[in-house]
Amino acid sequence: MNKHILWIEDDHFAIKGLVRPLAKAGFEIDVATSATEGFEKAQNWQGYDLIMVDLILPLTGEAETPPEKVASWGNEEYAGIGLLKWLKTELQVECPVLMLSVVREPISRFNLDHLELAGYLPKRGLLPSQVKEQVFSVLGLEQ
């Protein structure tokens with residue numbers, strides 16, 4: 001299949017299980033576990049067919065120092081909100097961006113409608129098959 005996904009998510013164990021069906025389908029998954037790492041990897045967004053962002057992220061990993069831009073996302077309720085805004089308004093990524101969150105109705109709750117995200121996946125009870133279905137749908141692929 002040769003599709004590339006940037007998945008920005010701090011819960012490494014959740015990712016391992018959720019991406020298994022995508023990996024079996026031939027997707028390459030690049031993982032970032034903090035807003036800083038996501039910021040660095042997303043700057044080359046042209047290499048990705050899809051970016052997936054968890055709403056609740058740490059600003060940095062253990063040995064990272066956030067750039068000034070990322071540090072400013074600490075003013076948001078969640079760092080993922082700052083990352084999403086940056087991706088869609090400043091970086092102006094052209095690939096679809098999906099949001100994941102345990103927060104209910106995050107798009108309306110945090111007034112993110114204007115970002116025109118490709119969708120939202122609720123993390124509570126999320127199954128690998130649901131992730132695969134949503135990714136295939138967003139990318140216009142048949143399963």
# chains A, B, ... in the order shown; residues from 1 in each chain; ligands from 1

call {"tool": "residues_around", "arguments": {"residues": "Ser72 in chain A", "least_positions_apart": "4", "cutoff": "12 Å", "atoms": "only C-alpha atoms", "output": "PyMOL selection string"}}
result
chain A and resi 35-36+59+66-68+76-83+85-86

call {"tool": "select_by_dssp", "arguments": {"residues": "range 1-137 of chain A", "states": "helix (DSSP H, G or I)", "output": "compact mmCIF listing (two decimals) with C-alpha atoms, in the first residue's frame"}}
result
# COMPACT_ATOMS: atom_id res chain seq x y z
CA HIS A 12 3.12 3.99 23.32
CA PHE A 13 1.21 0.87 24.38
CA ALA A 14 -2.06 2.10 22.89
CA ILE A 15 -0.38 2.79 19.57
CA LYS A 16 1.16 -0.67 19.33
CA GLY A 17 -2.22 -2.36 19.44
CA LEU A 18 -4.14 0.19 17.41
CA VAL A 19 -1.73 0.29 14.46
CA ARG A 20 -1.38 -3.46 13.99
CA PRO A 21 -4.14 -3.73 11.31
CA LEU A 22 -2.73 -0.69 9.50
CA ALA A 23 0.79 -2.15 9.50
CA LYS A 24 -0.59 -5.45 8.17
CA ALA A 35 4.18 17.82 21.10
CA THR A 36 7.83 18.77 20.52
CA GLU A 37 8.61 15.57 18.63
CA GLY A 38 5.36 15.93 16.66
CA PHE A 39 6.29 19.53 15.81
CA GLU A 40 9.69 18.42 14.51
CA LYS A 41 8.37 15.53 12.43
CA ALA A 42 5.33 17.38 11.07
CA TRP A 45 4.35 16.84 6.43
CA GLN A 46 4.63 16.32 2.67
CA GLY A 47 5.99 12.84 3.42
CA GLU A 68 9.43 28.65 21.69
CA LYS A 69 6.48 27.85 19.40
CA VAL A 70 5.77 24.55 21.19
CA ALA A 71 6.27 26.09 24.64
CA SER A 72 3.46 28.54 23.82
CA TRP A 73 1.07 25.60 23.44
CA GLY A 74 1.28 25.21 27.20
CA ASN A 75 -1.16 28.15 27.32
CA ALA A 79 -0.89 20.83 24.05
CA GLY A 80 -2.64 18.92 21.25
CA ILE A 81 -4.90 21.93 20.65
CA GLY A 82 -1.88 24.13 19.99
CA LEU A 83 -0.39 21.47 17.74
CA LEU A 84 -3.61 21.10 15.73
CA LYS A 85 -3.94 24.87 15.30
CA TRP A 86 -0.32 25.13 14.18
CA LEU A 87 -0.69 22.25 11.71
CA LYS A 88 -3.81 23.64 10.07
CA THR A 89 -3.35 27.42 10.22
CA GLU A 90 0.39 28.13 10.29
CA PRO A 106 -13.57 18.06 21.57
CA ILE A 107 -14.12 19.83 18.25
CA SER A 108 -17.13 21.78 19.48
CA ARG A 109 -15.95 21.96 23.11
CA ASP A 113 -14.55 23.61 13.78
CA HIS A 114 -12.63 26.20 11.76
CA LEU A 115 -9.65 23.84 11.50
CA PRO A 128 -7.93 -1.37 16.05
CA SER A 129 -10.62 -2.23 13.48
CA GLN A 130 -12.27 1.17 14.05
CA VAL A 131 -8.95 2.96 13.52
CA LYS A 132 -8.36 1.04 10.29
CA GLU A 133 -11.90 1.76 9.08
CA GLN A 134 -11.58 5.51 9.79
CA VAL A 135 -8.12 5.76 8.19
CA PHE A 136 -9.27 3.95 5.05
CA SER A 137 -12.37 6.17 4.89

call {"tool": "atom_distance", "arguments": {"atom1": "CA of Ile8 in chain A", "atom2": "CA of Gln43 in chain A"}}
result
13.0 Å

call {"tool": "closest_residue", "arguments": {"among": "A:Thr60, A:Ser101, A:Gln143, A:Asn44", "to": "His4 in chain A", "atoms": "only C-alpha atoms"}}
result
A:Asn44

call {"tool": "residues_around", "arguments": {"residues": "Leu6 in chain A", "least_positions_apart": "4", "cutoff": "7 Å", "atoms": "only C-alpha atoms", "output": "list in words"}}
result
Ile29, Asp30, Val31, Tyr48, Leu50, Ile51 and Met52 of chain A

call {"tool": "select_by_dssp", "arguments": {"residues": "chain A", "states": "strand (DSSP E)", "output": "ChimeraX atom specification"}}
result
/A:4-8,28-32,50-54,97-101,119-122

call {"tool": "atom_distance", "arguments": {"atom1": "CA of Asp10 in chain A", "atom2": "CA of Ile56 in chain A"}}
result
8.3 Å

call {"tool": "closest_residue", "arguments": {"among": "A:Ala25, A:Leu57, A:Leu121, A:Val97", "to": "Leu141 in chain A", "atoms": "only C-alpha atoms"}}
result
A:Ala25

call {"tool": "atom_distance", "arguments": {"atom1": "CA of Gly61 in chain A", "atom2": "CA of Ser34 in chain A"}}
result
5.7 Å
